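Here is the file start_12.txt (compact mmCIF, C-alpha atoms).
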# COMPACT_ATOMS: atom_id res chain seq x y z
CA MET Z 4 18.36 -17.07 2.42
CA SER Z 5 16.46 -20.17 1.26
CA ASP Z 6 12.79 -20.10 0.22
CA LEU Z 7 12.04 -22.70 2.90
CA LEU Z 8 13.41 -20.46 5.65
CA ILE Z 9 11.61 -17.40 4.28
CA ARG Z 10 8.32 -19.33 4.23
CA GLN Z 11 8.77 -20.42 7.85
CA ASP Z 12 9.59 -16.85 8.92
CA VAL Z 13 6.52 -15.49 7.12
CA LEU Z 14 4.28 -18.09 8.78
CA THR Z 15 5.77 -17.23 12.17
CA GLU Z 16 5.30 -13.49 11.59
CA LEU Z 17 1.67 -14.00 10.56
CA GLU Z 18 0.99 -16.05 13.69
CA TYR Z 19 2.83 -13.50 15.85
CA GLU Z 20 0.72 -10.55 14.59
CA PRO Z 21 -2.30 -10.31 16.96
CA SER Z 22 -4.56 -8.66 14.36
CA ILE Z 23 -4.32 -11.69 12.05
CA ASN Z 24 -5.95 -15.11 12.22
CA ALA Z 25 -3.36 -17.09 10.27
CA ASN Z 26 -5.27 -20.38 10.36
CA HIS Z 27 -6.72 -19.85 6.88
CA ILE Z 28 -3.70 -18.28 5.19
CA GLY Z 29 -1.45 -20.30 2.92
CA VAL Z 30 2.14 -19.27 2.14
CA THR Z 31 4.37 -20.34 -0.75
CA VAL Z 32 7.75 -18.89 -1.70
CA ASP Z 33 9.56 -19.02 -5.03
CA ASN Z 34 12.90 -17.23 -5.36
CA GLY Z 35 11.96 -14.77 -2.62
CA VAL Z 36 8.51 -14.02 -4.08
CA VAL Z 37 5.86 -14.79 -1.45
CA THR Z 38 2.34 -15.79 -2.48
CA LEU Z 39 -0.45 -15.48 0.10
CA THR Z 40 -3.62 -17.49 -0.47
CA GLY Z 41 -6.73 -18.35 1.54
CA TYR Z 42 -9.11 -15.98 3.26
CA VAL Z 43 -9.41 -13.45 6.09
CA GLU Z 44 -12.41 -11.90 7.85
CA SER Z 45 -11.81 -8.21 7.06
CA TYR Z 46 -9.99 -5.93 4.67
CA VAL Z 47 -7.91 -4.58 7.57
CA GLU Z 48 -6.73 -8.12 8.32
CA LYS Z 49 -5.84 -8.54 4.65
CA ALA Z 50 -3.70 -5.38 4.71
CA SER Z 51 -2.09 -6.48 7.99
CA ALA Z 52 -1.13 -9.84 6.50
CA GLU Z 53 0.60 -8.14 3.60
CA ALA Z 54 2.38 -5.71 5.93
CA ALA Z 55 3.56 -8.56 8.19
CA THR Z 56 4.91 -10.45 5.18
CA ARG Z 57 6.73 -7.35 3.97
CA ARG Z 58 8.60 -7.13 7.29
CA VAL Z 59 10.27 -10.52 6.84
CA ARG Z 60 13.91 -10.51 5.74
CA GLY Z 61 14.52 -12.06 2.33
CA VAL Z 62 11.10 -11.24 0.88
CA ARG Z 63 11.65 -9.74 -2.59
CA ALA Z 64 8.01 -9.33 -3.67
CA ILE Z 65 4.49 -10.31 -2.62
CA ALA Z 66 1.67 -11.83 -4.66
CA GLU Z 67 -1.43 -11.41 -2.51
CA HIS Z 68 -4.48 -13.53 -3.36
CA LEU Z 69 -6.34 -13.37 -0.05
CA GLU Z 70 -10.14 -13.30 -0.15
CA VAL Z 71 -12.17 -11.30 2.36
CA ARG Z 72 -15.00 -13.37 3.84
CA TYR Z 73 -17.05 -11.40 6.33
CA PRO Z 74 -19.13 -13.38 8.81
CA GLU Z 75 -22.82 -13.10 7.95
CA ARG Z 76 -23.53 -10.95 11.00
CA LYS Z 77 -20.92 -8.37 9.92
CA LYS Z 78 -22.08 -7.87 6.33
CA GLN Z 79 -23.38 -4.40 5.50
CA ALA Z 80 -25.37 -2.85 2.68
CA ASP Z 81 -23.49 -0.95 -0.03
CA ASP Z 82 -25.32 2.32 0.64
CA GLU Z 83 -24.36 2.17 4.32
CA ILE Z 84 -20.71 1.50 3.44
CA ALA Z 85 -20.72 4.42 0.97
CA SER Z 86 -22.19 6.83 3.52
CA ARG Z 87 -19.68 5.86 6.19
CA ALA Z 88 -16.82 6.03 3.66
CA LEU Z 89 -17.64 9.63 2.79
CA ASP Z 90 -17.78 10.56 6.47
CA ILE Z 91 -14.50 8.91 7.43
CA ILE Z 92 -12.64 10.29 4.39
CA ALA Z 93 -13.73 13.83 5.25
CA TRP Z 94 -12.68 13.33 8.87
CA ASP Z 95 -9.36 11.55 8.24
CA THR Z 96 -7.95 13.45 5.27
CA ALA Z 97 -9.24 17.02 5.81
CA LEU Z 98 -10.39 17.31 2.21
CA LEU Z 99 -13.10 19.62 0.95
CA ASP Z 100 -16.50 18.02 0.58
CA GLY Z 101 -16.93 16.53 -2.87
CA ALA Z 102 -13.20 16.14 -3.60
CA ILE Z 103 -13.51 12.35 -3.65
CA ASP Z 104 -16.25 10.30 -5.28
CA VAL Z 105 -17.16 6.99 -3.67
CA LYS Z 106 -18.86 4.05 -5.39
CA VAL Z 107 -19.66 0.78 -3.62
CA GLU Z 108 -20.74 -2.41 -5.34
CA LEU Z 109 -20.96 -5.72 -3.47
CA GLY Z 110 -18.53 -4.46 -0.85
CA CYS Z 111 -15.99 -3.22 -3.41
CA VAL Z 112 -15.24 0.48 -2.84
CA THR Z 113 -14.00 2.58 -5.77
CA LEU Z 114 -12.45 5.98 -5.03
CA SER Z 115 -12.16 8.52 -7.84
CA GLY Z 116 -11.44 12.23 -8.24
CA GLN Z 117 -8.39 14.45 -7.69
CA VAL Z 118 -6.42 15.36 -4.57
CA PRO Z 119 -3.50 17.81 -4.16
CA TRP Z 120 -1.07 15.35 -2.53
CA HIS Z 121 -0.17 11.67 -2.75
CA PHE Z 122 -0.39 11.28 1.04
CA GLN Z 123 -4.07 12.27 0.81
CA ARG Z 124 -4.60 9.62 -1.86
CA LEU Z 125 -3.15 7.01 0.48
CA ALA Z 126 -4.97 8.40 3.53
CA ALA Z 127 -8.34 8.11 1.77
CA GLU Z 128 -7.66 4.46 0.92
CA GLU Z 129 -6.44 3.63 4.42
CA ALA Z 130 -9.49 5.32 5.97
CA VAL Z 131 -11.89 3.25 3.88
CA GLN Z 132 -10.03 0.03 4.67
CA LYS Z 133 -11.13 0.37 8.30
CA LEU Z 134 -14.83 0.10 7.50
CA GLY Z 135 -16.76 -3.08 8.14
CA GLY Z 136 -18.19 -4.76 5.05
CA VAL Z 137 -15.40 -3.62 2.71
CA ARG Z 138 -14.07 -6.49 0.60
CA GLU Z 139 -11.85 -4.56 -1.79
CA VAL Z 140 -10.66 -0.99 -2.39
CA ARG Z 141 -9.92 0.36 -5.87
CA ASN Z 142 -8.03 3.62 -5.59
CA LEU Z 143 -8.47 5.57 -8.86
CA LEU Z 144 -7.64 8.93 -7.28
CA THR Z 145 -5.23 11.08 -9.28
CA ILE Z 146 -2.89 13.85 -8.17
CA ARG Z 147 -3.95 17.37 -9.12
CA PRO Z 148 -1.31 19.05 -11.33
CA THR Z 149 0.78 21.71 -9.59
CA ALA Z 150 3.34 24.25 -10.69
CA GLN Z 151 6.41 22.60 -12.18
CA VAL Z 152 9.29 22.24 -9.73
CA SER Z 153 12.66 22.47 -11.48
CA ASP Z 154 14.75 20.69 -8.84
CA ILE Z 155 12.64 17.55 -8.35
CA GLN Z 156 15.61 15.22 -8.85
CA SER Z 157 17.79 17.08 -6.37
CA ARG Z 158 15.05 17.16 -3.74
CA ILE Z 159 14.43 13.42 -4.02
CA GLU Z 160 18.14 12.58 -3.88
CA GLN Z 161 18.55 14.70 -0.75
CA ALA Z 162 15.49 13.09 0.85
CA LEU Z 163 16.91 9.62 0.17
CA LYS Z 164 20.26 10.58 1.75
CA ARG Z 165 18.48 11.70 4.92
CA GLN Z 166 17.02 8.21 5.41
CA ALA Z 167 19.28 6.03 7.52
CA ALA Z 168 17.46 2.89 6.34
CA ILE Z 169 18.34 3.50 2.67
CA GLU Z 170 21.66 3.26 0.82
CA ALA Z 171 21.03 6.31 -1.33
CA ASP Z 172 24.15 5.82 -3.45
CA ALA Z 173 22.66 2.59 -4.84
CA ILE Z 174 19.55 4.38 -6.14
CA LYS Z 175 19.38 6.30 -9.40
CA VAL Z 176 16.69 8.97 -9.75
CA VAL Z 177 15.52 9.83 -13.27
CA VAL Z 178 13.00 12.64 -13.81
CA SER Z 179 11.05 13.08 -17.04
CA GLY Z 180 8.42 15.79 -16.79
CA GLU Z 181 6.18 14.88 -13.84
CA THR Z 182 7.29 11.22 -13.77
CA VAL Z 183 10.04 9.95 -11.48
CA THR Z 184 11.77 6.64 -12.17
CA LEU Z 185 13.75 4.91 -9.42
CA GLU Z 186 16.40 2.41 -10.51
CA GLY Z 187 18.98 0.33 -8.66
CA LYS Z 188 18.96 -2.13 -5.76
CA VAL Z 189 17.82 -2.11 -2.13
CA ASN Z 190 18.16 -4.65 0.65
CA ALA Z 191 14.49 -5.17 1.56
CA VAL Z 192 10.93 -4.58 0.35
CA LYS Z 193 10.37 -1.94 3.03
CA GLU Z 194 13.34 0.07 1.69
CA ARG Z 195 11.86 -0.09 -1.82
CA LEU Z 196 8.56 1.27 -0.52
CA LEU Z 197 10.28 3.94 1.57
CA ALA Z 198 12.22 5.18 -1.45
CA ALA Z 199 8.99 5.54 -3.43
CA GLN Z 200 7.44 7.39 -0.50
CA MET Z 201 10.33 9.87 -0.54
CA ALA Z 202 9.80 10.48 -4.26
CA TRP Z 203 6.05 11.01 -3.81
CA SER Z 204 6.69 13.59 -1.08
CA VAL Z 205 8.26 16.11 -3.46
CA PRO Z 206 5.92 18.74 -4.95
CA GLY Z 207 5.35 18.39 -8.69
CA VAL Z 208 5.62 14.58 -8.79
CA MET Z 209 2.59 13.06 -10.52
CA HIS Z 210 3.86 9.52 -11.17
CA VAL Z 211 6.51 7.25 -9.63
CA ASP Z 212 7.84 4.28 -11.61
CA ASN Z 213 9.54 2.16 -8.96
CA ARG Z 214 12.01 -0.17 -10.71
CA LEU Z 215 14.12 -0.82 -7.63
CA LEU Z 216 15.13 -4.45 -7.21
CA VAL Z 217 15.44 -6.19 -3.85
CA ALA Z 218 18.90 -7.74 -3.67
Translate the structure of the given file into structure tokens.
Amino acid sequence: MSDLLIRQDVLTELEYEPSINANHIGVTVDNGVVTLTGYVESYVEKASAEAATRRVRGVRAIAEHLEVRYPERKKQADDEIASRALDIIAWDTALLDGAIDVKVELGCVTLSGQVPWHFQRLAAEEAVQKLGGVREVRNLLTIRPTAQVSDIQSRIEQALKRQAAIEADAIKVVVSGETVTLEGKVNAVKERLLAAQMAWSVPGVMHVDNRLLVA
């Protein structure tokens, strides 16, 4: 698929997505790598633009350089953002109070601390993204060490085989301690992300090095 066709499909997908105002988003494509430039009016819109781009066939990778520009009437003080972030994290992720530290500076939210599972790490970030006034989210949360699981590789390989959207035979799983490395080729960006998600879902995994290439 040519870069020109991919670019047109990305532009169409951005315009088709109702949560995105694509008027201020620029798209360039080089060898299947899509670069998004310009600005959006919320962090949620920024995440939606990246997700819409990821859905397009032929996209091998995304370089996202979108700036969040909140309208003046929607800007909020850092202390208000921090307070709301703590509330929504506690409500959305069912974590004990104090498990996640929140710092806000000029609309940039930094999350730090330890959580038991990777899905909680992602859930905390996604919860904060919804808040008005947020310009950027830095997720520094780490996974709390758990008891070593001896069959990590086998569990991941079986999880990959259960996914109809993934050609599991084309993926090599290498486990070294608490780090999982995924190697091989997949057909789309969403398959690459899904494979990493399967690896993160296995107990004992602390790091995932996703080296999968989009064919």
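As for CA of Arg87 in chain Z and CA of Val131 in chain Z, they are spaced 8.5 Å apart.
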For Asp82 in chain Z, the nearest of the candidates Z:Ala25, Z:Ala52, Z:Val105, Z:Ala64, counting only C-alpha atoms: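 Ranking Z:Ala25, Z:Ala52, Z:Val105, Z:Ala64 by distance to Asp82 in chain Z, first place goes to Z:Val105.
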message: So that I can check the surroundings of Ile159 in chain Z, please list as a PyMOL selection string every protein, DNA and RNA residue that reaches within 8 Å of it, counting all atoms listed in the file and ignoring chain neighbours fewer than 4 positions away.
response: chain Z and resi 155+163+176+201-202+205
- line: Of Z:Leu7, Z:Ala55, Z:Ala199, Z:Leu134, the one sitting nearest Val183 in chain Z when using all atoms listed in the file is Z:Ala199
Considering only C-alpha atoms, return as a CSV table (one decimal) with C-alpha atoms, in the coordinates of the input whatever protein or nucleic-acid residues lie within 10 Å of Glu108 in chain Z, sequence-local ones (same chain, fewer than 4 positions apart) excluded.
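Result went into around-v6.csv, see below:
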chain,number,residue,atom,x,y,z
Z,80,ALA,CA,-25.4,-2.8,2.7
Z,81,ASP,CA,-23.5,-1.0,0.0
Z,82,ASP,CA,-25.3,2.3,0.6
Z,84,ILE,CA,-20.7,1.5,3.4
Z,85,ALA,CA,-20.7,4.4,1.0
Z,112,VAL,CA,-15.2,0.5,-2.8
Z,113,THR,CA,-14.0,2.6,-5.8
Z,137,VAL,CA,-15.4,-3.6,2.7
Z,138,ARG,CA,-14.1,-6.5,0.6
Z,139,GLU,CA,-11.8,-4.6,-1.8
query: Z:Trp203, Z:Tyr73, Z:Trp94, Z:Tyr42: which is nearest Leu125 in chain Z, counting all atoms listed in the file?
result: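 Going through Z:Trp203, Z:Tyr73, Z:Trp94, Z:Tyr42 one by one, the smallest distance to Leu125 in chain Z is for Z:Trp203.
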task: Quick one: pull the distance between CA of Ala126 in chain Z and CA of Val140 in chain Z, Å, one decimal.
output: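 Distance reported for this atom pair: 12.5 Å.
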message: Show me, as an MDAnalysis selection string, the residues that have an atom within 12 Å of Ser5 in chain Z when counting all atoms listed in the file, minus same-chain residues fewer than 4 positions from it.
response: chainID Z and resid 9:12 32:36 60:62
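Restricting the calculation to all atoms listed in the file, the smallest distance between Leu197 in chain Z and any of Z:Arg165, Z:Ala218, Z:Glu181, Z:Leu69 is found for Z:Arg165.
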task: Tell me, in Å to one decimal, how far CA of Ser51 in chain Z is from CA of Ser115 in chain Z.
output: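 Pair CA of Ser51 in chain Z / CA of Ser115 in chain Z returns 24.0 Å.
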message: I'd like to know which of Z:His27, Z:Lys49, Z:Lys164, Z:Arg147 is closest to Leu14 in chain Z, using all atoms listed in the file.
response: Z:His27
- request: Just give me the residues with any atom within 8 Å of (9.1, -3.6, -2.5), file coordinates, counting all atoms listed in the file, written as a list in words.
  value: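 Counting all atoms listed in the file, I find these residues within 8 Å of (9.1, -3.6, -2.5): Arg57, Arg63, Ala64, Ala191, Val192, Lys193, Glu194, Arg195, Leu196, Leu215, Leu216 and Val217 of chain Z.
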Create the file for the chosen residues now, containing C-alpha atoms and written as a compact mmCIF listing (two decimals), in the coordinates of the input.
# COMPACT_ATOMS: atom_id res chain seq x y z
CA ARG Z 57 6.73 -7.35 3.97
CA ARG Z 63 11.65 -9.74 -2.59
CA ALA Z 64 8.01 -9.33 -3.67
CA ALA Z 191 14.49 -5.17 1.56
CA VAL Z 192 10.93 -4.58 0.35
CA LYS Z 193 10.37 -1.94 3.03
CA GLU Z 194 13.34 0.07 1.69
CA ARG Z 195 11.86 -0.09 -1.82
CA LEU Z 196 8.56 1.27 -0.52
CA LEU Z 215 14.12 -0.82 -7.63
CA LEU Z 216 15.13 -4.45 -7.21
CA VAL Z 217 15.44 -6.19 -3.85
field: Given only C-alpha atoms as the counted atoms, nearest of Z:Glu128, Z:Glu160, Z:Glu70, Z:Asp104 to Ser86 in chain Z
entry: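 Looking at the shortest contact to Ser86 in chain Z, the residue is Z:Asp104.
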Shell of 7 Å around Leu144 in chain Z, only C-alpha atoms, local chain residues under 6 positions omitted, as a list in words: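 Everything that qualifies: Leu114, Ser115, Gly116, Gln117 and Arg124 of chain Z.
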Restricting the output to C-alpha atoms, write the selected residues as a PDB file, keeping the file's coordinate frame.
ATOM      1  CA  LEU Z 114     -12.450   5.980  -5.030  1.00  0.00           C
ATOM      2  CA  SER Z 115     -12.160   8.520  -7.840  1.00  0.00           C
ATOM      3  CA  GLY Z 116     -11.440  12.230  -8.240  1.00  0.00           C
ATOM      4  CA  GLN Z 117      -8.390  14.450  -7.690  1.00  0.00           C
ATOM      5  CA  ARG Z 124      -4.600   9.620  -1.860  1.00  0.00           C
TER       6      ARG Z 124
END
